[in-house]
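Trainee: Provided below: structure.cif, containing mmCIF, C-alpha atoms and all ligand atoms.
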```cif
data_my_file
#
loop_
_atom_site.label_atom_id
_atom_site.label_comp_id
_atom_site.auth_asym_id
_atom_site.auth_seq_id
_atom_site.Cartn_x
_atom_site.Cartn_y
_atom_site.Cartn_z
CA MET A 1 -3.12 33.81 -10.38
CA VAL A 2 -3.28 30.53 -8.50
CA CYS A 3 -1.23 27.36 -9.00
CA SER A 4 -2.86 24.40 -7.27
CA GLU A 5 -1.50 20.99 -6.32
CA ALA A 6 -4.19 18.37 -5.76
CA GLY A 7 -2.15 16.75 -3.02
CA VAL A 8 0.32 17.48 -0.22
CA GLY A 9 3.76 17.80 -1.81
CA VAL A 10 4.41 20.95 -3.82
CA ASP A 11 7.83 19.69 -4.89
CA ASN A 12 6.59 19.52 -8.50
CA VAL A 13 5.86 23.27 -8.36
CA ASP A 14 8.59 25.91 -8.54
CA VAL A 15 7.39 27.78 -5.44
CA ASN A 16 10.20 30.38 -5.61
CA ALA A 17 9.40 31.26 -9.23
CA SER A 18 5.68 31.42 -8.37
CA THR A 19 6.36 33.76 -5.44
CA ARG A 20 8.53 35.98 -7.69
CA ASN A 21 5.67 36.23 -10.16
CA GLY A 22 3.10 36.94 -7.46
CA ILE A 23 1.35 33.61 -8.00
CA ILE A 24 -0.37 31.90 -5.06
CA VAL A 25 0.68 28.25 -4.65
CA MET A 26 -1.91 26.07 -2.92
CA ASN A 27 -2.11 22.45 -1.90
CA THR A 28 -4.86 20.20 -0.56
CA PRO A 29 -3.15 18.50 2.36
CA ASN A 30 -6.10 16.47 3.65
CA GLY A 31 -7.68 14.89 0.57
CA ASN A 32 -5.34 11.94 0.07
CA THR A 33 -4.33 11.22 3.68
CA LEU A 34 -6.44 8.07 4.05
CA SER A 35 -5.40 6.65 0.68
CA ALA A 36 -1.70 7.14 1.42
CA ALA A 37 -2.17 5.63 4.89
CA GLU A 38 -4.00 2.60 3.48
CA LEU A 39 -1.28 2.00 0.87
CA THR A 40 1.30 2.09 3.65
CA CYS A 41 -0.66 -0.53 5.62
CA ALA A 42 -0.92 -2.64 2.47
CA MET A 43 2.86 -2.41 2.05
CA ILE A 44 3.36 -3.58 5.65
CA LEU A 45 1.09 -6.59 5.03
CA CYS A 46 2.84 -7.40 1.74
CA LEU A 47 6.24 -7.29 3.43
CA ALA A 48 5.04 -9.53 6.24
CA ARG A 49 3.49 -12.14 3.92
CA GLN A 50 5.25 -11.63 0.54
CA ILE A 51 1.93 -11.48 -1.31
CA PRO A 52 3.34 -9.93 -4.54
CA GLN A 53 6.17 -12.51 -4.60
CA GLY A 54 3.65 -15.32 -4.09
CA THR A 55 1.52 -13.99 -6.95
CA ALA A 56 4.53 -13.73 -9.28
CA SER A 57 5.57 -17.27 -8.35
CA MET A 58 2.13 -18.70 -9.14
CA ARG A 59 2.06 -16.80 -12.44
CA ALA A 60 5.32 -18.56 -13.22
CA GLY A 61 3.47 -21.87 -12.76
CA LYS A 62 4.91 -22.70 -9.32
CA TRP A 63 3.24 -23.85 -6.11
CA ASP A 64 5.95 -22.85 -3.63
CA ARG A 65 4.50 -23.12 -0.14
CA LYS A 66 7.83 -23.28 1.71
CA LYS A 67 9.63 -20.33 0.10
CA PHE A 68 7.19 -17.69 1.27
CA MET A 69 7.15 -18.27 5.02
CA GLY A 70 6.01 -14.98 6.55
CA VAL A 71 5.70 -13.28 9.94
CA GLU A 72 2.65 -12.22 11.94
CA LEU A 73 2.19 -8.54 12.67
CA PHE A 74 0.62 -9.28 16.05
CA GLY A 75 3.05 -8.27 18.80
CA LYS A 76 5.54 -6.68 16.40
CA THR A 77 6.78 -3.12 16.77
CA LEU A 78 6.14 -0.50 14.11
CA GLY A 79 8.31 2.64 14.20
CA ILE A 80 6.62 5.67 12.65
CA VAL A 81 8.86 8.59 11.75
CA GLY A 82 6.65 11.63 11.17
CA LEU A 83 3.43 11.71 13.19
CA GLY A 84 1.41 14.11 11.05
CA ARG A 85 -1.77 13.32 9.15
CA ILE A 86 -0.66 10.07 7.47
CA GLY A 87 1.61 8.81 10.27
CA LYS A 88 -1.30 9.05 12.71
CA GLU A 89 -3.74 7.15 10.44
CA VAL A 90 -1.16 4.40 9.85
CA ALA A 91 -0.66 4.07 13.61
CA THR A 92 -4.33 3.55 14.46
CA ARG A 93 -4.85 1.08 11.61
CA MET A 94 -1.82 -1.06 12.45
CA GLN A 95 -2.75 -1.10 16.15
CA SER A 96 -5.82 -3.09 15.11
CA PHE A 97 -3.42 -5.82 13.94
CA GLY A 98 -1.93 -5.91 17.44
CA MET A 99 1.20 -3.96 16.51
CA LYS A 100 2.92 -1.83 19.11
CA THR A 101 3.38 1.63 17.63
CA ILE A 102 6.29 3.85 18.57
CA GLY A 103 7.24 7.09 16.86
CA TYR A 104 9.13 10.34 16.57
CA ASP A 105 8.27 13.82 15.30
CA PRO A 106 10.04 17.13 16.07
CA ILE A 107 6.73 19.07 16.21
CA VAL A 108 4.08 16.67 17.52
CA PRO A 109 4.49 16.42 21.33
CA ALA A 110 4.64 13.08 23.16
CA GLU A 111 1.27 13.78 24.88
CA VAL A 112 -0.42 14.23 21.50
CA ALA A 113 1.21 11.07 20.09
CA ALA A 114 -0.07 9.19 23.14
CA THR A 115 -3.68 10.19 22.29
CA PHE A 116 -3.45 8.02 19.17
CA GLY A 117 -1.55 5.21 20.83
CA VAL A 118 2.01 6.04 19.80
CA ASP A 119 4.78 5.75 22.33
CA PHE A 120 6.99 8.78 21.59
CA MET A 121 10.77 8.47 21.69
CA SER A 122 13.94 9.82 20.08
CA LEU A 123 15.26 8.25 16.88
CA PRO A 124 18.30 6.64 18.58
CA GLN A 125 15.87 4.98 21.02
CA LEU A 126 13.48 4.00 18.24
CA TRP A 127 15.80 2.33 15.69
CA PRO A 128 16.78 -0.79 17.69
CA LEU A 129 13.19 -1.55 18.81
CA CYS A 130 11.47 -1.75 15.42
CA ASP A 131 10.46 -4.78 13.38
CA PHE A 132 9.00 -2.41 10.77
CA ILE A 133 9.79 1.28 10.15
CA THR A 134 7.63 3.59 8.07
CA VAL A 135 8.50 7.21 7.22
CA HIS A 136 5.88 9.96 6.84
CA THR A 137 7.83 13.22 6.76
CA PRO A 138 8.31 15.78 4.02
CA LEU A 139 11.60 15.61 2.13
CA VAL A 140 13.62 18.46 3.62
CA PRO A 141 17.34 18.69 4.41
CA ALA A 142 16.71 17.26 7.91
CA THR A 143 14.92 14.18 6.53
CA LYS A 144 17.05 13.48 3.45
CA GLY A 145 18.76 10.15 4.09
CA LEU A 146 17.12 9.87 7.53
CA LEU A 147 17.48 6.13 7.17
CA ASN A 148 21.07 5.70 6.03
CA THR A 149 23.93 3.24 6.56
CA GLU A 150 24.44 4.52 10.10
CA SER A 151 20.78 4.28 11.14
CA PHE A 152 20.32 0.88 9.43
CA ALA A 153 23.26 -0.38 11.53
CA LYS A 154 21.35 0.63 14.69
CA CYS A 155 18.25 -1.34 13.64
CA LYS A 156 17.32 -4.95 14.39
CA LYS A 157 18.72 -7.34 11.80
CA GLY A 158 16.01 -7.99 9.22
CA VAL A 159 14.03 -4.79 9.88
CA LYS A 160 11.47 -4.07 7.15
CA VAL A 161 11.08 -0.49 5.93
CA ILE A 162 8.38 1.40 4.07
CA ASN A 163 8.56 4.71 2.22
CA CYS A 164 5.23 6.02 0.95
CA ALA A 165 6.26 9.64 1.62
CA ARG A 166 9.05 11.00 -0.57
CA GLY A 167 11.98 9.36 -2.34
CA GLY A 168 15.28 10.10 -0.64
CA ILE A 169 14.06 9.96 2.98
CA ILE A 170 15.45 6.43 2.94
CA ASP A 171 18.86 6.60 1.29
CA GLU A 172 18.52 4.28 -1.72
CA GLU A 173 22.17 3.22 -1.87
CA ALA A 174 22.19 2.40 1.85
CA LEU A 175 18.89 0.51 1.48
CA LEU A 176 20.26 -1.63 -1.34
CA GLN A 177 23.34 -2.48 0.71
CA ALA A 178 21.20 -3.28 3.76
CA LEU A 179 18.95 -5.55 1.64
CA GLU A 180 22.01 -7.31 0.22
CA SER A 181 23.52 -7.90 3.65
CA GLY A 182 20.21 -8.96 5.21
CA GLN A 183 20.33 -6.08 7.71
CA CYS A 184 17.10 -4.99 6.00
CA GLY A 185 14.63 -7.83 5.49
CA GLY A 186 12.42 -6.07 2.95
CA ALA A 187 11.29 -2.69 1.68
CA GLY A 188 7.96 -1.31 0.51
CA LEU A 189 8.56 1.63 -1.81
CA ASP A 190 5.96 3.88 -3.40
CA VAL A 191 8.33 6.77 -4.04
CA PHE A 192 11.84 7.17 -5.43
CA GLY A 193 14.59 9.79 -5.60
CA GLU A 194 14.06 9.82 -9.34
CA GLU A 195 10.61 9.00 -10.73
CA PRO A 196 10.41 6.78 -12.64
CA PRO A 197 13.68 5.34 -11.31
CA LYS A 198 16.33 4.80 -14.00
CA ASN A 199 18.33 2.60 -11.65
CA THR A 200 16.11 -0.45 -11.18
CA ALA A 201 18.36 -2.32 -8.74
CA LEU A 202 15.92 -1.69 -5.88
CA VAL A 203 12.67 -2.49 -7.69
CA ASN A 204 14.23 -5.69 -9.05
CA HIS A 205 15.36 -6.86 -5.61
CA PRO A 206 13.38 -9.96 -4.55
CA ASN A 207 12.62 -8.47 -1.12
CA VAL A 208 11.27 -5.18 -2.46
CA VAL A 209 7.60 -4.47 -3.06
CA SER A 210 7.07 -1.37 -5.13
CA CYS A 211 4.44 0.89 -6.70
CA PRO A 212 4.74 3.73 -9.21
CA HIS A 213 3.81 6.50 -6.70
CA LEU A 214 0.25 5.28 -6.16
CA GLY A 215 -0.33 6.64 -2.63
CA ALA A 216 -2.97 9.12 -3.76
CA SER A 217 -4.27 7.05 -6.66
CA THR A 218 -7.77 6.21 -5.51
CA HIS A 219 -11.05 7.53 -6.87
CA GLU A 220 -11.93 8.85 -3.42
CA ALA A 221 -8.67 10.76 -2.87
CA GLN A 222 -8.71 12.28 -6.35
CA ARG A 223 -12.33 13.36 -5.94
CA ARG A 224 -11.65 14.87 -2.50
CA CYS A 225 -8.53 16.73 -3.64
CA GLY A 226 -10.35 17.99 -6.75
CA GLU A 227 -13.27 19.26 -4.67
CA ASP A 228 -10.96 20.83 -2.11
CA ILE A 229 -8.97 22.68 -4.73
CA ALA A 230 -12.10 23.88 -6.54
CA ASN A 231 -13.56 25.21 -3.27
CA GLN A 232 -10.27 26.87 -2.36
CA ILE A 233 -10.09 28.66 -5.71
CA VAL A 234 -13.73 29.82 -5.50
CA ASP A 235 -13.05 31.18 -2.01
CA VAL A 236 -10.03 33.15 -3.23
CA VAL A 237 -11.92 34.56 -6.21
CA LYS A 238 -14.76 35.61 -3.91
CA GLY A 239 -12.24 37.09 -1.47
CA LYS A 240 -13.70 34.85 1.25
CA ALA A 241 -10.69 32.89 2.44
CA LEU A 242 -7.28 31.66 1.48
CA VAL A 243 -6.96 28.04 2.53
CA GLY A 244 -4.00 25.82 1.67
CA ALA A 245 -1.69 28.61 0.44
CA VAL A 246 1.95 27.70 0.95
CA ASN A 247 3.60 30.99 -0.10
CA ALA A 248 1.19 33.80 0.73
CA GLN A 249 1.02 34.46 4.45
CA ALA A 250 0.28 38.17 3.98
CA LEU A 251 -2.49 37.43 1.51
CA THR A 252 -4.21 35.15 4.01
CA SER A 253 -4.76 38.22 6.20
CA ALA A 254 -5.89 40.28 3.23
CA MET A 255 -9.03 38.12 3.06
CA ASP A 256 -10.02 39.15 6.55
CA LEU A 257 -12.50 42.06 6.61
CA GLU A 258 -10.87 43.52 9.72
CA THR A 259 -7.37 43.59 8.26
CA LYS A 260 -8.31 44.78 4.74
CA PRO A 261 -8.36 48.51 5.70
CA TRP A 262 -4.99 48.16 7.43
CA ILE A 263 -3.51 46.63 4.30
CA GLN A 264 -4.88 49.50 2.21
CA LEU A 265 -3.41 51.97 4.71
CA GLY A 266 -0.02 50.20 4.69
CA GLU A 267 0.08 50.30 0.90
CA ALA A 268 -0.87 54.00 0.88
CA LEU A 269 1.87 54.76 3.39
CA GLY A 270 4.33 52.89 1.20
CA VAL A 271 3.28 54.96 -1.85
CA MET A 272 3.76 58.11 0.23
CA GLY A 273 7.17 56.87 1.40
CA GLN A 274 8.21 56.36 -2.20
CA ALA A 275 7.01 59.84 -3.16
CA LEU A 276 9.01 61.37 -0.31
CA ALA A 277 12.16 59.27 -0.45
CA GLY A 278 12.40 58.56 -4.17
CA LYS A 279 13.26 55.33 -5.94
CA VAL A 280 13.93 52.39 -3.65
CA ASN A 281 17.65 51.79 -3.14
CA ASP A 282 19.97 49.87 -0.82
CA GLN A 283 20.52 52.90 1.41
CA MET A 284 16.86 53.03 2.43
CA LYS A 285 15.66 51.90 5.81
CA VAL A 286 12.01 51.03 6.41
CA LYS A 287 10.64 50.69 9.92
CA VAL A 288 7.04 49.58 10.36
CA THR A 289 5.77 50.45 13.85
CA THR A 290 2.42 49.24 15.15
CA LEU A 291 0.73 50.32 18.34
CA GLY A 292 -1.86 48.63 20.53
CA GLU A 293 -2.96 45.07 21.21
CA SER A 294 -5.26 44.87 18.15
CA LEU A 295 -2.21 45.20 15.89
CA ARG A 296 -0.08 42.69 17.79
CA THR A 297 0.16 40.31 14.83
CA ALA A 298 -0.20 42.96 12.12
CA LYS A 299 3.42 42.74 11.05
CA ASN A 300 2.51 39.48 9.26
CA TYR A 301 0.76 41.52 6.58
CA LEU A 302 1.42 45.21 7.23
CA THR A 303 5.09 45.16 6.31
CA SER A 304 4.27 43.41 3.03
CA ALA A 305 1.58 46.02 2.33
CA VAL A 306 4.03 48.89 2.94
CA MET A 307 6.52 47.18 0.62
CA VAL A 308 3.88 46.90 -2.10
CA GLY A 309 3.29 50.67 -1.89
CA LEU A 310 7.02 51.41 -1.90
CA LEU A 311 7.81 49.19 -4.84
CA LYS A 312 4.72 49.67 -7.01
CA GLY A 313 5.51 51.71 -10.09
CA ALA A 314 9.19 51.79 -9.10
CA SER A 315 9.68 48.17 -10.12
CA GLU A 316 9.44 46.69 -13.60
CA ASN A 317 7.83 43.66 -12.01
CA TYR A 318 4.22 43.13 -11.11
CA VAL A 319 4.24 43.70 -7.34
CA ASN A 320 1.74 42.24 -4.89
CA LEU A 321 1.58 41.01 -1.29
CA ILE A 322 3.16 37.71 -2.30
CA ASN A 323 6.32 38.94 -3.96
CA ALA A 324 6.86 42.40 -2.40
CA PRO A 325 9.05 41.12 0.51
CA LEU A 326 11.25 39.25 -1.97
CA PHE A 327 11.67 42.26 -4.28
CA GLY A 328 12.33 44.52 -1.27
CA LYS A 329 15.07 42.19 -0.12
CA GLU A 330 16.59 42.06 -3.59
CA ALA A 331 16.54 45.88 -3.82
CA GLY A 332 18.64 45.92 -0.63
CA LEU A 333 15.98 47.59 1.52
CA SER A 334 16.64 47.32 5.21
CA VAL A 335 13.28 46.51 6.83
CA SER A 336 12.48 46.31 10.52
CA GLU A 337 9.30 46.01 12.55
CA LEU A 338 8.39 47.32 15.98
CA PHE A 339 5.33 46.56 18.05
CA LEU A 340 4.42 48.81 20.98
CA TYR A 341 1.76 48.06 23.59
CA PHE A 342 1.54 51.70 24.71
CA CYS A 343 2.70 54.97 23.30
CA VAL A 344 4.59 56.01 26.44
CA ASP A 345 8.22 55.90 27.53
CA LEU A 346 7.54 52.72 29.49
CA ALA A 347 6.24 50.97 26.37
CA PHE A 348 7.05 47.28 26.11
CA GLN A 349 8.90 46.76 22.88
CA PHE A 350 9.06 43.50 20.91
N1 LIG A 401 2.87 8.44 -1.81
C1 LIG A 401 1.97 9.38 -2.04
O1 LIG A 401 1.30 9.41 -3.05
C2 LIG A 401 1.73 10.42 -0.98
C3 LIG A 401 0.43 10.87 -0.73
C4 LIG A 401 0.24 11.86 0.24
C5 LIG A 401 1.33 12.38 0.93
N2 LIG A 401 2.58 11.92 0.63
C6 LIG A 401 3.74 12.40 1.38
O2 LIG A 401 3.67 11.87 2.70
C7 LIG A 401 4.38 12.72 3.59
C8 LIG A 401 3.54 12.99 4.84
O3 LIG A 401 2.36 13.65 4.49
P1 LIG A 401 1.37 14.19 5.64
O4 LIG A 401 0.14 14.63 4.96
O5 LIG A 401 1.28 13.21 6.75
O6 LIG A 401 2.19 15.46 6.12
P2 LIG A 401 2.08 16.20 7.55
O7 LIG A 401 2.66 17.54 7.31
O8 LIG A 401 0.72 16.06 8.11
O9 LIG A 401 3.08 15.34 8.47
C9 LIG A 401 4.46 15.36 8.29
C10 LIG A 401 5.08 15.24 9.67
O10 LIG A 401 6.49 15.07 9.51
C11 LIG A 401 7.07 15.71 10.62
N3 LIG A 401 8.49 15.92 10.43
C12 LIG A 401 9.11 16.97 9.83
N4 LIG A 401 10.44 16.81 9.93
C13 LIG A 401 10.68 15.67 10.60
C14 LIG A 401 11.84 14.98 11.02
N5 LIG A 401 13.07 15.48 10.79
N6 LIG A 401 11.71 13.81 11.69
C15 LIG A 401 10.48 13.31 11.95
N7 LIG A 401 9.34 13.93 11.59
C16 LIG A 401 9.42 15.08 10.92
C17 LIG A 401 6.29 16.99 10.77
O11 LIG A 401 6.46 17.57 12.05
C18 LIG A 401 4.87 16.50 10.52
O12 LIG A 401 4.20 16.17 11.73
C19 LIG A 401 4.75 13.95 2.78
O13 LIG A 401 6.07 13.80 2.32
C20 LIG A 401 3.80 13.90 1.60
O14 LIG A 401 4.28 14.58 0.47
C21 LIG A 401 2.80 10.95 -0.29
O1 LIG A 402 2.18 14.66 -2.14
C1 LIG A 402 1.17 14.05 -2.45
O2 LIG A 402 0.02 14.44 -2.15
C2 LIG A 402 1.32 12.76 -3.17
O3 LIG A 402 2.63 12.46 -3.45
C3 LIG A 402 0.47 12.67 -4.37
O4 LIG A 402 0.99 13.46 -5.35
P1 LIG A 402 0.39 13.29 -6.82
O5 LIG A 402 -1.00 13.83 -6.75
O6 LIG A 402 1.33 14.13 -7.63
O7 LIG A 402 0.43 11.86 -7.12
#
```
Write out the structure in this file as structure tokens.
Ligand SMILES: NC(=O)c1ccc[n+]([C@@H]2O[C@H](COP(=O)([O-])OP(=O)(O)OC[C@H]3O[C@@H](n4cnc5c(N)ncnc54)[C@H](O)[C@@H]3O)[C@@H](O)[C@H]2O)c1
Ligand SMILES: O=C(O)[C@H](O)COP(=O)(O)O
Mentor:
Amino acid sequence: MVCSEAGVGVDNVDVNASTRNGIIVMNTPNGNTLSAAELTCAMILCLARQIPQGTASMRAGKWDRKKFMGVELFGKTLGIVGLGRIGKEVATRMQSFGMKTIGYDPIVPAEVAATFGVDFMSLPQLWPLCDFITVHTPLVPATKGLLNTESFAKCKKGVKVINCARGGIIDEEALLQALESGQCGGAGLDVFGEEPPKNTALVNHPNVVSCPHLGASTHEAQRRCGEDIANQIVDVVKGKALVGAVNAQALTSAMDLETKPWIQLGEALGVMGQALAGKVNDQMKVKVTTLGESLRTAKNYLTSAVMVGLLKGASENYVNLINAPLFGKEAGLSVSELFLYFCVDLAFQF
């Protein structure tokens, strides 16, 4: 079974429960990149020129030319936290407005960031330099509250911030306080800790521009994600490839013609192990040893295959390559892996 997310974030899918039930969880990480990047750029422009506020004012019958004095983007510094797919597209677009782009990412190296015009630096270096800050990371423990009271205090007074990634990366309480004090000069928010937000203090703030999670809401992005997911599912059904799976590393290898026989062998060895050792219990030790360069990376799938064989029939659950490692762990099995280059005493062991 496959559970597909037509987008990047799988936070609306219970990945652990899917893994337990042997269900593949897939996403389509590329389809909505441009749409999310364009919305971010639109937010930056709205913050600079207060376009939504101007519209609301005119709808209220006013002609207030003095109230909405803006700033140019030319020559301003944009800090980009998270230099993946969307962060990169935002950078190149905003450079065309004459913005200087600086950024940080724990995975993307400085040399790579430089290829798309981003001056890489640490977060403590980045905060005080930015006129605008936009976040493009996943929401994980390391990014929750990345912009908080402490980091706002390190920023230029009046810094404008954008979150078109995930609610919670900018701490909402700290943001409200920073908006109230003027430390933050405006915020563009497409995402919220709770969606829709019950606490409307932020969306009602005069310096906040907001959208109801519209980053991927374009005809083009929806079509692309739909096509991607359809192709991914057809490929799985045909046993051709497993693209975009977020919880099935072993299964990715199972699609490869060269590794298929090894997976069958691993499973058969597991069945034999069960026949010899009896029902799996927490006293059992399993050691999967592979030999020779061609099996250097085999532990990625072979151990799972052995576990399938060991647990099949012995478990009340449906066991497959996706959930076997989890069930093995829960049964208390002690599993280790050994790779040997050569079968001699001088073998290099990893
Ligand atoms: N608003 C929307 O509708 C919408 C649409 C698409 C994507 N998104 C969200 O946008 C975000 C980015 O998506 P993407 O496709 O660019 O993802 P991506 O995986 O291509 O890029 C994310 C980057 O964040 C970096 N990162 C991880 N931890 C970090 C940290 N502690 N500090 C700085 N950087 C860190 C990663 O190394 C990676 O390069 C995700 O949260 C995604 O769910 C939102
Ligand atoms: O993570 C994503 O791709 C975006 O947040 C879009 O998600 P959605 O398709 O649920 O709007």
Trainee: Please build the interface table for chain A against ligand LIG 401 (chain A) with a cut-off of 8 Å, listing for each qualifying residue the nearest atom pair and the distance in Å to one decimal; count only C-alpha atoms and all ligand atoms, order rows by chain and increasing number, and write it as a Markdown table.
Mentor:
```
| residue | atom | partner | partner_atom | distance |
| --- | --- | --- | --- | --- |
| A:Gly7 | CA | A:LIG401 | C4 | 6.3 |
| A:Val8 | CA | A:LIG401 | O14 | 5.0 |
| A:Gly9 | CA | A:LIG401 | O14 | 4.0 |
| A:Val10 | CA | A:LIG401 | O14 | 7.7 |
| A:Pro29 | CA | A:LIG401 | O4 | 5.7 |
| A:Asn30 | CA | A:LIG401 | O4 | 6.6 |
| A:Asn32 | CA | A:LIG401 | C4 | 5.6 |
| A:Thr33 | CA | A:LIG401 | C4 | 5.8 |
| A:Ser35 | CA | A:LIG401 | C3 | 7.3 |
| A:Ala36 | CA | A:LIG401 | C3 | 4.8 |
| A:Val81 | CA | A:LIG401 | C15 | 5.0 |
| A:Gly82 | CA | A:LIG401 | N7 | 3.6 |
| A:Leu83 | CA | A:LIG401 | O12 | 4.8 |
| A:Gly84 | CA | A:LIG401 | O9 | 3.3 |
| A:Arg85 | CA | A:LIG401 | O8 | 3.8 |
| A:Ile86 | CA | A:LIG401 | O5 | 3.8 |
| A:Gly87 | CA | A:LIG401 | O5 | 5.6 |
| A:Lys88 | CA | A:LIG401 | O5 | 7.7 |
| A:Tyr104 | CA | A:LIG401 | C15 | 5.7 |
| A:Asp105 | CA | A:LIG401 | N7 | 3.9 |
| A:Pro106 | CA | A:LIG401 | O11 | 5.4 |
| A:Ile107 | CA | A:LIG401 | O11 | 4.4 |
| A:Val108 | CA | A:LIG401 | O12 | 5.8 |
| A:Val135 | CA | A:LIG401 | C7 | 7.8 |
| A:His136 | CA | A:LIG401 | C8 | 4.3 |
| A:Thr137 | CA | A:LIG401 | O10 | 3.6 |
| A:Pro138 | CA | A:LIG401 | O13 | 3.4 |
| A:Leu139 | CA | A:LIG401 | O13 | 5.8 |
| A:Val140 | CA | A:LIG401 | N4 | 7.3 |
| A:Ala142 | CA | A:LIG401 | N5 | 5.0 |
| A:Thr143 | CA | A:LIG401 | N5 | 4.8 |
| A:Leu146 | CA | A:LIG401 | N5 | 7.6 |
| A:Asn163 | CA | A:LIG401 | N1 | 7.9 |
| A:Cys164 | CA | A:LIG401 | N1 | 4.4 |
| A:Ala165 | CA | A:LIG401 | O2 | 3.6 |
| A:Arg166 | CA | A:LIG401 | O13 | 5.0 |
| A:Asp190 | CA | A:LIG401 | N1 | 5.7 |
| A:Val191 | CA | A:LIG401 | N1 | 6.1 |
| A:His213 | CA | A:LIG401 | O1 | 5.3 |
| A:Leu214 | CA | A:LIG401 | O1 | 5.3 |
| A:Gly215 | CA | A:LIG401 | O1 | 3.2 |
| A:Ala216 | CA | A:LIG401 | O1 | 4.3 |
| A:Ser217 | CA | A:LIG401 | O1 | 7.0 |
```
Trainee: For atom CA of Gly70 of chain A and atom CA of Asn207 of chain A, determine how far apart the two atoms are, in Å to one decimal place.
Mentor: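 Distance between the two atoms: 12.0 Å.
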Trainee: Looking at A:Ser294, A:Ser96, A:Gln222, A:Thr19, which one is nearest to Pro325 of chain A, with distances taken over all atoms listed in the file?
Mentor: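 Nearest candidate to Pro325 of chain A out of A:Ser294, A:Ser96, A:Gln222, A:Thr19: A:Thr19.
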Trainee: For ligand LIG 402 (chain A), which of A:Ser151, A:Cys225, A:Ala6, A:Ala245 is the closest residue, counting all atoms listed in the file?
Mentor: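 Looking only at the distances to ligand LIG 402 (chain A), the closest residue turns out to be A:Ala6.
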Trainee: Padding of 6 Å on every side, edges along x, y and z, all listed atoms of ligand LIG 402 (chain A) included: what centre and edge lengths in Å, to one decimal, does that box have, as lines of an AutoDock Vina configuration file?
Mentor:
```
center_x = 0.8
center_y = 13.3
center_z = -4.9
size_x = 15.6
size_y = 14.8
size_z = 17.5
```
Trainee: Please list as a short mmCIF file (atom, residue, chain, number, x, y, z; two decimals) with C-alpha atoms, in the coordinates of the input every residue within 6 Å of segment 115-129 of chain A, counting all atoms listed in the file and excluding residues in the same chain fewer than 6 positions away.
Mentor:
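Full text of selection13.cif as output:
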```cif
data_model
loop_
_atom_site.label_atom_id
_atom_site.label_comp_id
_atom_site.auth_asym_id
_atom_site.auth_seq_id
_atom_site.Cartn_x
_atom_site.Cartn_y
_atom_site.Cartn_z
CA THR A 101 3.38 1.63 17.63
CA ILE A 102 6.29 3.85 18.57
CA GLY A 103 7.24 7.09 16.86
CA TYR A 104 9.13 10.34 16.57
CA LYS A 154 21.35 0.63 14.69
CA CYS A 155 18.25 -1.34 13.64
CA LYS A 156 17.32 -4.95 14.39
#
```
Trainee: Which distance in Å separates atom CA of Lys160 of chain A and atom CA of Gly61 of chain A, to one decimal?
Mentor: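 Going from atom CA of Lys160 of chain A over to atom CA of Gly61 of chain A, I get 27.9 Å.
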Trainee: So, with only C-alpha atoms and all ligand atoms as the atoms that count, which of A:Trp63, A:Phe152, A:Phe192, A:Phe68 lies closest to ligand LIG 402 (chain A)?
Mentor: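 Under the stated criterion, the closest residue is A:Phe192.
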Trainee: Under the rule that all atoms listed in the file are counted, which of A:Ala91, A:Cys211, A:Ala113, A:Ala248 is the nearest residue to Ile23 of chain A?
Mentor: A:Ala248
Trainee: What is the atom CA of Leu176 of chain A-atom CA of Pro52 of chain A distance in Å, reported with one decimal?
Mentor: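 Distance between the two atoms: 19.1 Å.
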Trainee: Missing atoms in segment 144-152 of chain A need filling: write out N, CA and C atoms for it as a PDB file, in the coordinates of the input.
Mentor:
```pdb
ATOM      1  N   LYS A 144      16.383  14.146   4.584  1.00  0.00           N
ATOM      2  CA  LYS A 144      17.050  13.480   3.450  1.00  0.00           C
ATOM      3  C   LYS A 144      18.032  12.431   4.008  1.00  0.00           C
ATOM      4  N   GLY A 145      17.875  11.207   3.603  1.00  0.00           N
ATOM      5  CA  GLY A 145      18.760  10.150   4.090  1.00  0.00           C
ATOM      6  C   GLY A 145      18.595   9.888   5.582  1.00  0.00           C
ATOM      7  N   LEU A 146      17.395  10.106   6.099  1.00  0.00           N
ATOM      8  CA  LEU A 146      17.120   9.870   7.530  1.00  0.00           C
ATOM      9  C   LEU A 146      17.453   8.421   7.895  1.00  0.00           C
ATOM     10  N   LEU A 147      17.059   7.524   7.008  1.00  0.00           N
ATOM     11  CA  LEU A 147      17.480   6.130   7.170  1.00  0.00           C
ATOM     12  C   LEU A 147      18.667   5.936   6.232  1.00  0.00           C
ATOM     13  N   ASN A 148      19.845   5.826   6.819  1.00  0.00           N
ATOM     14  CA  ASN A 148      21.070   5.700   6.030  1.00  0.00           C
ATOM     15  C   ASN A 148      21.894   4.540   6.592  1.00  0.00           C
ATOM     16  N   THR A 149      23.106   4.388   6.123  1.00  0.00           N
ATOM     17  CA  THR A 149      23.930   3.240   6.560  1.00  0.00           C
ATOM     18  C   THR A 149      24.054   3.223   8.083  1.00  0.00           C
ATOM     19  N   GLU A 150      24.245   4.415   8.647  1.00  0.00           N
ATOM     20  CA  GLU A 150      24.440   4.520  10.100  1.00  0.00           C
ATOM     21  C   GLU A 150      23.174   4.097  10.858  1.00  0.00           C
ATOM     22  N   SER A 151      22.017   4.616  10.415  1.00  0.00           N
ATOM     23  CA  SER A 151      20.780   4.280  11.140  1.00  0.00           C
ATOM     24  C   SER A 151      20.371   2.819  10.899  1.00  0.00           C
ATOM     25  N   PHE A 152      20.610   2.302   9.674  1.00  0.00           N
ATOM     26  CA  PHE A 152      20.320   0.880   9.430  1.00  0.00           C
ATOM     27  C   PHE A 152      21.124   0.004  10.400  1.00  0.00           C
TER      28      PHE A 152
END
```
